[in-house]
file run-v2.txt (compact mmCIF, C-alpha atoms and all ligand atoms)
# COMPACT_ATOMS: atom_id res chain seq x y z
CA MET J 1 51.06 -2.55 146.38
CA ASN J 2 49.11 -5.28 144.76
CA ASN J 3 51.39 -7.84 143.23
CA ASN J 4 48.73 -9.96 141.60
CA LYS J 5 49.48 -10.29 137.94
CA ILE J 6 46.69 -8.56 136.05
CA LYS J 7 45.73 -10.14 132.77
CA LYS J 8 46.67 -7.96 129.86
CA ASN J 9 43.86 -5.77 128.59
CA LEU J 10 41.72 -6.35 131.65
CA SER J 11 39.99 -3.16 132.61
CA GLU J 12 39.19 -1.84 136.08
CA LEU J 13 36.07 -0.40 137.59
CA ARG J 14 37.01 2.31 140.03
CA PHE J 15 34.59 3.78 142.52
CA ASP J 16 34.44 7.58 142.74
CA LEU J 17 34.26 8.35 146.44
CA GLU J 18 32.70 11.75 145.92
CA SER J 19 29.98 11.10 143.33
CA LYS J 20 29.53 7.41 144.24
CA ASP J 21 29.72 6.66 140.53
CA TRP J 22 31.69 3.87 138.92
CA VAL J 23 34.21 4.77 136.23
CA MET J 24 35.90 2.37 133.90
CA ILE J 25 39.61 2.41 133.19
CA ALA J 26 39.89 0.42 129.96
CA THR J 27 43.28 0.70 128.35
CA GLY J 28 42.71 -1.76 125.51
CA ARG J 29 43.04 0.74 122.69
CA ALA J 30 44.64 4.16 123.13
CA LYS J 31 47.75 4.15 125.26
CA LYS J 32 50.07 6.92 124.11
CA PRO J 33 49.21 10.62 124.09
CA GLN J 34 49.29 10.67 120.30
CA ASP J 35 46.53 8.04 120.27
CA PHE J 36 44.20 10.65 121.73
CA LYS J 37 45.01 13.30 119.12
CA PHE J 38 42.10 14.22 116.96
CA GLU J 39 42.73 14.03 113.24
CA LYS J 40 40.30 15.57 110.83
CA LYS J 41 39.21 12.88 108.45
CA LYS J 42 38.24 13.54 104.86
CA ASN J 43 34.77 12.34 104.13
CA ASN J 44 34.02 11.91 100.47
CA GLY J 45 32.50 9.11 98.42
CA LYS J 46 35.91 7.59 97.67
CA GLN J 47 36.72 7.33 101.34
CA LYS J 48 33.40 5.61 101.98
CA LYS J 49 34.15 2.91 99.41
CA GLU J 50 37.62 2.32 100.79
CA THR J 51 36.20 2.06 104.28
CA GLU J 52 33.76 -0.57 103.07
CA GLN J 53 36.60 -2.64 101.61
CA LYS J 54 38.57 -2.41 104.82
CA CYS J 55 35.56 -2.77 107.09
CA PRO J 56 36.07 -5.51 109.69
CA PHE J 57 32.32 -6.23 109.74
CA CYS J 58 32.09 -6.66 105.95
CA SER J 59 34.75 -9.38 106.00
CA LEU J 60 33.59 -11.43 108.97
CA ASP J 61 34.25 -15.15 109.06
CA ILE J 62 33.67 -17.93 111.54
CA ALA J 63 36.87 -16.96 113.36
CA SER J 64 35.00 -13.94 114.71
CA ALA J 65 33.33 -16.53 117.00
CA PRO J 66 29.66 -15.54 116.52
CA VAL J 67 27.35 -16.19 119.46
CA LEU J 68 24.14 -15.55 117.49
CA ILE J 69 23.27 -15.47 113.80
CA PHE J 70 20.03 -14.45 112.12
CA SER J 71 18.98 -14.79 108.52
CA GLN J 72 15.91 -12.81 107.44
CA GLY J 73 14.57 -12.72 110.98
CA LYS J 74 15.17 -16.43 111.61
CA LYS J 75 17.70 -17.66 114.12
CA ILE J 76 20.28 -20.06 112.69
CA GLU J 77 20.49 -22.79 115.32
CA ARG J 78 23.66 -24.59 114.24
CA PHE J 79 26.52 -23.26 112.18
CA GLU J 80 29.98 -24.54 111.40
CA SER J 81 30.78 -21.80 108.95
CA LEU J 82 29.24 -18.41 108.41
CA PRO J 83 25.98 -18.83 106.41
CA LYS J 84 26.10 -16.85 103.17
CA ASP J 85 22.69 -15.34 103.77
CA TRP J 86 23.27 -13.98 107.28
CA THR J 87 21.50 -10.70 107.96
CA LEU J 88 22.53 -10.12 111.59
CA ILE J 89 25.36 -11.48 113.67
CA VAL J 90 26.47 -11.06 117.29
CA ILE J 91 30.19 -11.42 118.00
CA PRO J 92 32.45 -10.72 120.98
CA ASN J 93 33.99 -7.25 120.76
CA LYS J 94 37.56 -7.42 119.46
CA PHE J 95 38.54 -4.60 121.84
CA PRO J 96 36.42 -5.39 124.88
CA ALA J 97 36.04 -2.92 127.72
CA VAL J 98 35.23 -5.86 130.01
CA MET J 99 36.24 -9.50 129.75
CA PRO J 100 34.97 -12.78 131.20
CA GLY J 101 36.80 -13.86 134.33
CA GLU J 102 36.58 -16.15 137.30
CA ASN J 103 37.07 -13.59 140.05
CA LEU J 104 36.01 -9.98 140.61
CA ARG J 105 38.93 -9.30 142.95
CA GLU J 106 37.32 -6.50 144.95
CA ARG J 107 40.10 -4.59 146.62
CA ALA J 108 41.04 -1.35 148.31
CA GLU J 109 43.93 1.00 147.69
CA GLY J 110 44.05 3.40 150.60
CA PRO J 111 40.67 5.18 150.63
CA TYR J 112 39.85 3.91 147.17
CA SER J 113 38.10 0.75 146.07
CA LEU J 114 38.11 -1.02 142.76
CA ILE J 115 37.17 -4.28 141.07
CA ASP J 116 38.24 -5.99 137.87
CA GLY J 117 36.33 -5.17 134.72
CA ILE J 118 34.74 -8.60 134.50
CA GLY J 119 31.88 -9.09 132.07
CA PHE J 120 30.90 -9.52 128.45
CA HIS J 121 31.19 -7.05 125.61
CA GLU J 122 29.46 -7.99 122.37
CA VAL J 123 28.71 -6.35 119.05
CA VAL J 124 25.44 -6.71 117.14
CA VAL J 125 26.22 -6.28 113.44
CA THR J 126 23.66 -5.94 110.65
CA ARG J 127 24.73 -6.97 107.17
CA ASP J 128 24.57 -3.86 105.00
CA HIS J 129 27.54 -1.53 105.43
CA LEU J 130 25.75 1.59 104.25
CA GLN J 131 22.23 1.05 105.54
CA ASP J 132 21.77 2.74 108.87
CA MET J 133 18.99 1.73 111.26
CA SER J 134 17.08 4.88 110.32
CA GLN J 135 16.65 3.28 106.87
CA PHE J 136 15.57 -0.11 108.20
CA SER J 137 12.16 -1.70 107.66
CA ILE J 138 10.05 -2.72 110.67
CA ALA J 139 11.09 -6.37 110.12
CA GLU J 140 14.78 -5.40 110.08
CA ILE J 141 14.44 -3.45 113.31
CA LYS J 142 12.54 -6.35 114.85
CA GLU J 143 15.49 -8.61 114.07
CA VAL J 144 17.80 -6.25 115.97
CA LEU J 145 15.41 -6.20 118.95
CA ASP J 146 15.20 -10.00 118.84
CA ALA J 147 18.99 -10.14 119.05
CA TYR J 148 19.04 -7.70 122.00
CA GLN J 149 16.53 -9.79 123.91
CA GLU J 150 18.11 -13.12 123.06
CA ARG J 151 21.57 -12.01 124.21
CA TYR J 152 20.14 -10.24 127.26
CA LEU J 153 18.45 -13.45 128.43
CA GLU J 154 21.69 -15.35 127.98
CA LEU J 155 24.03 -12.80 129.60
CA MET J 156 21.84 -11.91 132.58
CA ASN J 157 22.43 -15.39 133.99
CA GLU J 158 26.21 -15.20 133.79
CA LYS J 159 28.22 -14.97 136.99
CA PHE J 160 28.96 -11.37 138.15
CA VAL J 161 26.53 -9.83 135.66
CA ASN J 162 24.29 -7.32 137.42
CA TYR J 163 23.44 -4.99 134.57
CA VAL J 164 23.14 -5.44 130.82
CA SER J 165 23.70 -2.24 128.92
CA ILE J 166 22.50 -2.10 125.31
CA PHE J 167 23.34 0.86 123.11
CA HIS J 168 23.72 1.95 119.51
CA ASN J 169 26.05 4.67 118.27
CA HIS J 170 25.63 6.11 114.80
CA GLY J 171 28.19 8.50 113.35
CA GLN J 172 31.67 9.45 114.46
CA SER J 173 30.59 12.23 116.78
CA ALA J 174 28.31 9.75 118.58
CA GLY J 175 31.32 7.56 119.26
CA ALA J 176 30.98 5.02 116.45
CA THR J 177 34.58 4.17 115.55
CA ILE J 178 33.47 1.76 112.83
CA SER J 179 30.97 3.26 110.42
CA HIS J 180 29.32 -0.10 109.65
CA PRO J 181 25.98 -0.09 111.55
CA HIS J 182 26.27 -1.98 114.82
CA SER J 183 25.02 -1.95 118.41
CA GLN J 184 26.87 -3.00 121.52
CA ILE J 185 25.91 -5.06 124.53
CA MET J 186 27.89 -4.81 127.73
CA ALA J 187 27.11 -7.10 130.64
CA ILE J 188 28.80 -5.67 133.72
CA PRO J 189 29.07 -6.33 137.46
CA VAL J 190 28.00 -2.81 138.55
CA ILE J 191 24.92 -0.66 137.98
CA ASP J 192 26.07 2.22 135.80
CA PRO J 193 25.66 5.76 137.18
CA ASP J 194 23.10 6.85 134.63
CA ILE J 195 20.71 3.99 135.31
CA GLN J 196 21.41 4.33 139.03
CA LYS J 197 20.17 7.93 138.96
CA SER J 198 17.13 6.87 136.94
CA LEU J 199 16.37 4.07 139.43
CA ILE J 200 16.80 6.31 142.47
CA GLY J 201 14.45 8.96 140.99
CA SER J 202 11.80 6.35 140.19
CA ARG J 203 12.19 4.66 143.59
CA ARG J 204 11.75 7.91 145.52
CA TYR J 205 8.61 8.78 143.59
CA TRP J 206 7.24 5.27 144.13
CA ASP J 207 7.93 5.37 147.88
CA PHE J 208 6.32 8.78 148.24
CA HIS J 209 3.32 8.48 145.91
CA GLN J 210 2.93 4.70 145.54
CA LYS J 211 2.85 5.32 141.80
CA CYS J 212 5.25 4.93 138.89
CA LEU J 213 6.92 8.21 137.98
CA HIS J 214 7.02 7.37 134.29
CA CYS J 215 3.36 6.28 134.18
CA GLU J 216 2.45 9.60 135.80
CA MET J 217 4.54 11.64 133.34
CA LEU J 218 3.05 9.62 130.49
CA LYS J 219 -0.50 10.28 131.68
CA TRP J 220 0.12 14.02 131.80
CA ASP J 221 1.98 14.08 128.48
CA LYS J 222 -0.82 12.15 126.77
CA GLU J 223 -3.39 14.65 127.99
CA ALA J 224 -1.24 17.61 126.95
CA GLY J 225 -0.46 15.91 123.64
CA ASP J 226 2.09 18.41 122.39
CA ARG J 227 5.17 16.34 123.17
CA ILE J 228 3.83 13.08 121.74
CA ILE J 229 5.32 12.07 118.40
CA PHE J 230 3.83 8.66 117.65
CA GLU J 231 2.01 5.83 119.36
CA ASN J 232 0.49 2.45 118.61
CA ASN J 233 -1.29 -0.07 120.83
CA ASP J 234 1.69 -0.94 123.00
CA PHE J 235 4.31 1.81 122.67
CA ILE J 236 4.55 5.57 122.63
CA ALA J 237 7.32 7.98 121.60
CA LEU J 238 7.66 11.52 122.88
CA CYS J 239 10.08 14.37 123.47
CA PRO J 240 10.55 14.46 127.28
CA PHE J 241 9.45 17.57 129.18
CA ALA J 242 13.03 18.00 130.42
CA SER J 243 14.78 17.00 127.19
CA ARG J 244 18.53 16.59 127.60
CA MET J 245 19.22 17.96 124.16
CA ALA J 246 17.36 19.09 121.06
CA PHE J 247 15.22 16.28 119.58
CA HIS J 248 15.72 13.97 122.55
CA VAL J 249 13.16 11.15 122.13
CA ARG J 250 11.99 8.57 124.66
CA ILE J 251 10.12 5.37 123.77
CA TYR J 252 7.98 3.73 126.47
CA PRO J 253 5.86 0.64 126.70
CA LYS J 254 2.40 2.07 127.50
CA GLU J 255 1.81 -0.58 130.10
CA HIS J 256 3.86 -0.40 133.29
CA LEU J 257 6.64 -2.90 132.54
CA SER J 258 9.87 -3.17 134.51
CA TYR J 259 11.94 -5.72 132.63
CA PHE J 260 12.84 -5.33 128.95
CA GLU J 261 13.86 -8.97 128.63
CA ARG J 262 10.24 -10.06 129.21
CA VAL J 263 8.92 -8.23 126.13
CA ASN J 264 6.72 -10.52 123.99
CA GLU J 265 6.45 -10.95 120.22
CA GLU J 266 3.48 -8.64 119.77
CA GLN J 267 5.14 -5.93 121.87
CA LYS J 268 8.40 -6.30 119.94
CA ILE J 269 6.58 -5.74 116.63
CA ALA J 270 4.89 -2.65 118.08
CA LEU J 271 8.22 -1.36 119.41
CA SER J 272 9.85 -1.96 116.02
CA GLU J 273 7.16 0.15 114.37
CA VAL J 274 7.75 3.01 116.80
CA PHE J 275 11.51 2.80 116.31
CA GLN J 276 11.08 2.78 112.54
CA VAL J 277 8.88 5.88 112.61
CA ILE J 278 11.13 7.78 115.02
CA LEU J 279 14.49 6.97 113.42
CA SER J 280 13.22 7.70 109.92
CA GLN J 281 11.56 10.94 111.07
CA LEU J 282 14.78 12.03 112.76
CA ARG J 283 16.65 11.36 109.53
CA LYS J 284 14.03 13.25 107.51
CA THR J 285 14.15 16.21 109.90
CA LEU J 286 17.85 16.37 110.78
CA GLY J 287 19.55 14.52 107.91
CA ASP J 288 22.17 11.88 108.52
CA LEU J 289 23.02 13.21 111.95
CA ALA J 290 25.00 11.24 114.50
CA TYR J 291 22.87 9.79 117.28
CA ASN J 292 22.93 7.38 120.19
CA PHE J 293 20.15 5.30 121.57
CA PHE J 294 20.25 3.12 124.62
CA LEU J 295 18.05 0.93 126.75
CA ARG J 296 17.19 1.73 130.33
CA THR J 297 15.85 -1.29 132.12
CA SER J 298 15.93 -2.88 135.57
CA PRO J 299 19.21 -4.44 136.68
CA CYS J 300 19.42 -8.23 136.69
CA ASP J 301 20.93 -8.52 140.15
CA GLY J 302 17.94 -10.39 141.56
CA LYS J 303 16.48 -7.44 143.49
CA ASP J 304 12.92 -6.22 143.01
CA TYR J 305 12.59 -3.31 140.59
CA SER J 306 8.85 -3.45 140.04
CA TYR J 307 8.74 0.34 140.57
CA TYR J 308 10.81 0.92 137.42
CA HIS J 309 9.43 1.49 133.91
CA TRP J 310 11.84 0.44 131.17
CA HIS J 311 12.33 2.60 128.11
CA PHE J 312 14.66 3.58 125.29
CA GLU J 313 16.34 6.98 125.07
CA ILE J 314 17.32 8.36 121.67
CA LEU J 315 19.75 11.26 121.70
CA PRO J 316 20.65 12.89 118.37
CA ARG J 317 24.00 14.69 118.60
CA THR J 318 22.48 18.08 118.08
CA SER J 319 24.94 19.66 120.50
CA ILE J 320 28.25 18.77 122.07
CA GLN J 321 28.95 18.57 125.74
CA ALA J 322 31.03 21.67 126.49
CA GLY J 323 32.39 23.08 129.73
CA PHE J 324 29.02 24.06 131.17
CA GLU J 325 27.41 20.70 130.47
CA LEU J 326 30.38 18.78 131.84
CA GLY J 327 31.14 21.14 134.73
CA ALA J 328 27.66 22.15 135.84
CA GLY J 329 25.98 18.96 134.67
CA ILE J 330 23.14 20.95 133.13
CA GLU J 331 22.53 19.96 129.56
CA ILE J 332 21.33 22.51 127.07
CA SER J 333 18.57 21.82 124.59
CA THR J 334 18.35 24.45 121.87
CA ILE J 335 14.73 23.80 120.96
CA GLU J 336 11.58 23.37 123.07
CA PRO J 337 10.61 19.69 123.26
CA GLU J 338 7.07 20.67 122.19
CA LYS J 339 8.44 22.20 118.97
CA ALA J 340 10.80 19.26 118.36
CA ALA J 341 7.84 16.87 118.68
CA LEU J 342 5.88 18.99 116.21
CA TYR J 343 8.68 18.75 113.62
CA LEU J 344 9.00 15.00 114.18
CA ARG J 345 5.26 14.49 113.66
CA MET J 346 5.39 16.10 110.22
ZN ZN X 401 31.14 -2.85 106.63
ZN ZN X 402 5.15 2.84 134.88

call {"tool": "encode", "arguments": {"input": "run-v2.txt", "output": "structure tokens"}}
result
Amino acid sequence: MNNNKIKKNLSELRFDLESKDWVMIATGRAKKPQDFKFEKKKNNGKQKKETEQKCPFCSLDIASAPVLIFSQGKKIERFESLPKDWTLIVIPNKFPAVMPGENLRERAEGPYSLIDGIGFHEVVVTRDHLQDMSQFSIAEIKEVLDAYQERYLELMNEKFVNYVSIFHNHGQSAGATISHPHSQIMAIPVIDPDIQKSLIGSRRYWDFHQKCLHCEMLKWDKEAGDRIIFENNDFIALCPFASRMAFHVRIYPKEHLSYFERVNEEQKIALSEVFQVILSQLRKTLGDLAYNFFLRTSPCDGKDYSYYHWHFEILPRTSIQAGFELGAGIEISTIEPEKAALYLRM
């Protein structure tokens, strides 16, 4: 038995011997069986107003310990109190899944191995409680991307940080526990299983063909045309050939780029335009549906990932993961990607 006193709330990363995936045991929030029970929540206008009054992000103050503040796209360099005109703020997550620490404490328990959940968990909050990112202007989206990059560059240099995961959940069924629009940034010591699979696939293709897998797919998809939704000079959005669910959208830099954090101003503006078109088209086509989007980029563990092509994945919650998806690992898309792209172009 390990007698080391574990700091309260500290999570663990456990290694699955069979799948070679890391799982996180984070007990910060739900602890008792009743905490897991699903309660149907009423959703009417009244409820929405109440939520806004009680919203933790609508009543932020300096005590929330912001690490970054923007006002109308401009970074506020020094702040002693919260500026009245803030438009975006980054704060540490009140219920972090990982926490800063001095030691990873890698250890074994019989055949198992685990490490402490050391890292950083931050929340990127935009000001308006009711305005979702699908209703944002290009400038507002650019501000969010600026915040992602700024925090990425800071966190990637922290001790034990090997991957920076950036994601946005919209809607309860996409896992957003607070309805106020926000994204999350998690800087963690391990490469998460999803990105690991993506890296392995790209690496194998690179080793075998001496070409980037994503550039090759992009070349083919551009010629075929039917899965492309929108493009500008630097970025392109499409429904992937093997879409994971209906209306799955992927956004790529057109140039072969491996590291998101190196994106420049011009590219960020172009990416913001593509995001604005895609998110607003999804809203127009599917209504205010729950969705997730997340960044897939090279780890920041100092190794060479020049074979990888960073991108964003947008996954509207058009279906739920049921037994087959979870058990067989085959996800079901209920519409052809070519047709989904057609709807999103309209
Ligand atoms: Zn709010
Ligand atoms: Zn590429």

call {"tool": "atom_distance", "arguments": {"input": "run-v2.txt", "atom1": "atom CA of Ala63 of chain J", "atom2": "atom CA of Pro92 of chain J"}}
result
10.8 Å

call {"tool": "closest_residue", "arguments": {"input": "run-v2.txt", "among": "J:Asp21, J:Gly302, J:Ile330, J:Ser173", "to": "Lys197 of chain J", "atoms": "only C-alpha atoms"}}
result
J:Asp21

call {"tool": "residues_around", "arguments": {"input": "run-v2.txt", "residues": "segment 130-135 of chain J", "least_positions_apart": "3", "cutoff": "10 Å", "atoms": "only C-alpha atoms", "output": "CSV table (one decimal) with C-alpha atoms, in the frame of the given file"}}
result
chain,number,residue,atom,x,y,z
J,48,LYS,CA,33.4,5.6,102.0
J,49,LYS,CA,34.2,2.9,99.4
J,52,GLU,CA,33.8,-0.6,103.1
J,126,THR,CA,23.7,-5.9,110.6
J,127,ARG,CA,24.7,-7.0,107.2
J,138,ILE,CA,10.0,-2.7,110.7
J,140,GLU,CA,14.8,-5.4,110.1
J,141,ILE,CA,14.4,-3.4,113.3
J,144,VAL,CA,17.8,-6.2,116.0
J,168,HIS,CA,23.7,2.0,119.5
J,170,HIS,CA,25.6,6.1,114.8
J,171,GLY,CA,28.2,8.5,113.4
J,179,SER,CA,31.0,3.3,110.4
J,180,HIS,CA,29.3,-0.1,109.6
J,181,PRO,CA,26.0,-0.1,111.6
J,182,HIS,CA,26.3,-2.0,114.8
J,275,PHE,CA,11.5,2.8,116.3
J,276,GLN,CA,11.1,2.8,112.5
J,277,VAL,CA,8.9,5.9,112.6
J,278,ILE,CA,11.1,7.8,115.0
J,279,LEU,CA,14.5,7.0,113.4
J,280,SER,CA,13.2,7.7,109.9
J,281,GLN,CA,11.6,10.9,111.1
J,282,LEU,CA,14.8,12.0,112.8
J,283,ARG,CA,16.6,11.4,109.5
J,284,LYS,CA,14.0,13.2,107.5
J,288,ASP,CA,22.2,11.9,108.5

call {"tool": "closest_atom_pairs", "arguments": {"input": "run-v2.txt", "of": "chain J", "to": "ligand ZN 402 (chain X)", "cutoff": "12 Å", "atoms": "only C-alpha atoms and all ligand atoms", "output": "CSV"}}
result
residue,atom,partner,partner_atom,distance
J:Ser202,CA,X:ZN402,ZN,9.2
J:Arg203,CA,X:ZN402,ZN,11.3
J:Tyr205,CA,X:ZN402,ZN,11.1
J:Trp206,CA,X:ZN402,ZN,9.8
J:Gln210,CA,X:ZN402,ZN,11.0
J:Lys211,CA,X:ZN402,ZN,7.7
J:Cys212,CA,X:ZN402,ZN,4.5
J:Leu213,CA,X:ZN402,ZN,6.4
J:His214,CA,X:ZN402,ZN,4.9
J:Cys215,CA,X:ZN402,ZN,3.9
J:Glu216,CA,X:ZN402,ZN,7.3
J:Met217,CA,X:ZN402,ZN,9.0
J:Leu218,CA,X:ZN402,ZN,8.3
J:Lys219,CA,X:ZN402,ZN,9.9
J:Tyr252,CA,X:ZN402,ZN,8.9
J:Pro253,CA,X:ZN402,ZN,8.5
J:Lys254,CA,X:ZN402,ZN,7.9
J:Glu255,CA,X:ZN402,ZN,6.8
J:His256,CA,X:ZN402,ZN,3.8
J:Leu257,CA,X:ZN402,ZN,6.4
J:Ser258,CA,X:ZN402,ZN,7.7
J:Tyr259,CA,X:ZN402,ZN,11.2
J:Thr297,CA,X:ZN402,ZN,11.8
J:Tyr305,CA,X:ZN402,ZN,11.2
J:Ser306,CA,X:ZN402,ZN,8.9
J:Tyr307,CA,X:ZN402,ZN,7.2
J:Tyr308,CA,X:ZN402,ZN,6.5
J:His309,CA,X:ZN402,ZN,4.6
J:Trp310,CA,X:ZN402,ZN,8.0
J:His311,CA,X:ZN402,ZN,9.9

call {"tool": "closest_residue", "arguments": {"input": "run-v2.txt", "among": "J:Leu68, J:Leu82, J:Leu271, J:Cys58", "to": "ligand ZN 401 (chain X)", "atoms": "all atoms listed in the file"}}
result
J:Cys58

call {"tool": "closest_residue", "arguments": {"input": "run-v2.txt", "among": "J:Thr177, J:Ser19, J:Asn93, J:Gln184", "to": "ligand ZN 401 (chain X)", "atoms": "all atoms listed in the file"}}
result
J:Thr177

call {"tool": "axis_aligned_box", "arguments": {"input": "run-v2.txt", "around": "segment 236-245 of chain J", "padding_each_side": "8 Å", "output": "JSON"}}
result
{"center_x": 11.9, "center_y": 11.8, "center_z": 126.0, "size_x": 30.7, "size_y": 28.4, "size_z": 24.8}

call {"tool": "atom_distance", "arguments": {"input": "run-v2.txt", "atom1": "atom CA of Glu122 of chain J", "atom2": "atom CA of Pro56 of chain J"}}
result
14.5 Å

call {"tool": "atom_distance", "arguments": {"input": "run-v2.txt", "atom1": "atom CA of Pro316 of chain J", "atom2": "atom CA of Leu88 of chain J"}}
result
24.1 Å

call {"tool": "closest_residue", "arguments": {"input": "run-v2.txt", "among": "J:Val190, J:Asp128, J:Leu238, J:Thr318", "to": "ligand ZN 401 (chain X)", "atoms": "all atoms listed in the file"}}
result
J:Asp128

call {"tool": "residues_around", "arguments": {"input": "run-v2.txt", "residues": "Ile236 of chain J", "least_positions_apart": "4", "cutoff": "6 Å", "atoms": "only C-alpha atoms", "output": "ChimeraX atom specification"}}
result
/J:230-231,251-252

call {"tool": "closest_residue", "arguments": {"input": "run-v2.txt", "among": "J:Asn103, J:Val124, J:Cys55, J:Gly110", "to": "Thr87 of chain J", "atoms": "only C-alpha atoms"}}
result
J:Val124

call {"tool": "closest_residue", "arguments": {"input": "run-v2.txt", "among": "J:Ser137, J:Ser319, J:Asn264, J:Gln72", "to": "Glu150 of chain J", "atoms": "all atoms listed in the file"}}
result
J:Asn264

call {"tool": "decode", "arguments": {"input": "run-v2.txt", "residues": "segment 81-94 of chain J", "atoms": "N, CA, C and O atoms", "output": "PDB file, in the first residue's frame"}}
result
ATOM      1  N   SER J  81      -8.012  45.000 -10.625  1.00  0.00           N
ATOM      2  CA  SER J  81      -9.395  44.557 -10.467  1.00  0.00           C
ATOM      3  C   SER J  81      -9.879  44.155 -11.856  1.00  0.00           C
ATOM      4  O   SER J  81      -9.184  44.367 -12.841  1.00  0.00           O
ATOM      5  N   LEU J  82     -11.075  43.599 -11.889  1.00  0.00           N
ATOM      6  CA  LEU J  82     -11.581  43.143 -13.183  1.00  0.00           C
ATOM      7  C   LEU J  82     -12.046  44.350 -14.006  1.00  0.00           C
ATOM      8  O   LEU J  82     -12.904  45.102 -13.557  1.00  0.00           O
ATOM      9  N   PRO J  83     -11.481  44.587 -15.204  1.00  0.00           N
ATOM     10  CA  PRO J  83     -11.925  45.753 -15.982  1.00  0.00           C
ATOM     11  C   PRO J  83     -13.403  45.605 -16.365  1.00  0.00           C
ATOM     12  O   PRO J  83     -13.846  44.502 -16.696  1.00  0.00           O
ATOM     13  N   LYS J  84     -14.112  46.707 -16.299  1.00  0.00           N
ATOM     14  CA  LYS J  84     -15.565  46.668 -16.565  1.00  0.00           C
ATOM     15  C   LYS J  84     -15.874  46.193 -17.990  1.00  0.00           C
ATOM     16  O   LYS J  84     -16.894  45.585 -18.245  1.00  0.00           O
ATOM     17  N   ASP J  85     -14.968  46.537 -18.902  1.00  0.00           N
ATOM     18  CA  ASP J  85     -15.253  46.254 -20.308  1.00  0.00           C
ATOM     19  C   ASP J  85     -14.614  44.947 -20.800  1.00  0.00           C
ATOM     20  O   ASP J  85     -14.368  44.790 -21.985  1.00  0.00           O
ATOM     21  N   TRP J  86     -14.362  44.002 -19.909  1.00  0.00           N
ATOM     22  CA  TRP J  86     -13.743  42.752 -20.368  1.00  0.00           C
ATOM     23  C   TRP J  86     -14.684  42.013 -21.318  1.00  0.00           C
ATOM     24  O   TRP J  86     -15.900  42.038 -21.159  1.00  0.00           O
ATOM     25  N   THR J  87     -14.105  41.395 -22.334  1.00  0.00           N
ATOM     26  CA  THR J  87     -14.925  40.632 -23.281  1.00  0.00           C
ATOM     27  C   THR J  87     -14.569  39.155 -23.246  1.00  0.00           C
ATOM     28  O   THR J  87     -15.362  38.303 -23.632  1.00  0.00           O
ATOM     29  N   LEU J  88     -13.356  38.839 -22.773  1.00  0.00           N
ATOM     30  CA  LEU J  88     -12.949  37.431 -22.635  1.00  0.00           C
ATOM     31  C   LEU J  88     -11.997  37.324 -21.450  1.00  0.00           C
ATOM     32  O   LEU J  88     -11.167  38.195 -21.221  1.00  0.00           O
ATOM     33  N   ILE J  89     -12.137  36.239 -20.722  1.00  0.00           N
ATOM     34  CA  ILE J  89     -11.288  36.060 -19.546  1.00  0.00           C
ATOM     35  C   ILE J  89     -10.890  34.585 -19.443  1.00  0.00           C
ATOM     36  O   ILE J  89     -11.667  33.701 -19.813  1.00  0.00           O
ATOM     37  N   VAL J  90      -9.665  34.342 -19.009  1.00  0.00           N
ATOM     38  CA  VAL J  90      -9.236  32.953 -18.764  1.00  0.00           C
ATOM     39  C   VAL J  90      -8.945  32.813 -17.271  1.00  0.00           C
ATOM     40  O   VAL J  90      -8.186  33.598 -16.702  1.00  0.00           O
ATOM     41  N   ILE J  91      -9.591  31.832 -16.659  1.00  0.00           N
ATOM     42  CA  ILE J  91      -9.430  31.613 -15.211  1.00  0.00           C
ATOM     43  C   ILE J  91      -9.116  30.133 -14.936  1.00  0.00           C
ATOM     44  O   ILE J  91      -9.449  29.265 -15.748  1.00  0.00           O
ATOM     45  N   PRO J  92      -8.498  29.838 -13.810  1.00  0.00           N
ATOM     46  CA  PRO J  92      -8.308  28.426 -13.460  1.00  0.00           C
ATOM     47  C   PRO J  92      -9.673  27.788 -13.205  1.00  0.00           C
ATOM     48  O   PRO J  92     -10.557  28.440 -12.653  1.00  0.00           O
ATOM     49  N   ASN J  93      -9.843  26.549 -13.600  1.00  0.00           N
ATOM     50  CA  ASN J  93     -11.098  25.842 -13.371  1.00  0.00           C
ATOM     51  C   ASN J  93     -11.313  25.636 -11.873  1.00  0.00           C
ATOM     52  O   ASN J  93     -10.398  25.222 -11.166  1.00  0.00           O
ATOM     53  N   LYS J  94     -12.509  25.951 -11.414  1.00  0.00           N
ATOM     54  CA  LYS J  94     -12.826  25.807  -9.984  1.00  0.00           C
ATOM     55  C   LYS J  94     -12.853  24.333  -9.560  1.00  0.00           C
ATOM     56  O   LYS J  94     -12.620  23.994  -8.412  1.00  0.00           O
TER      57      LYS J  94
END
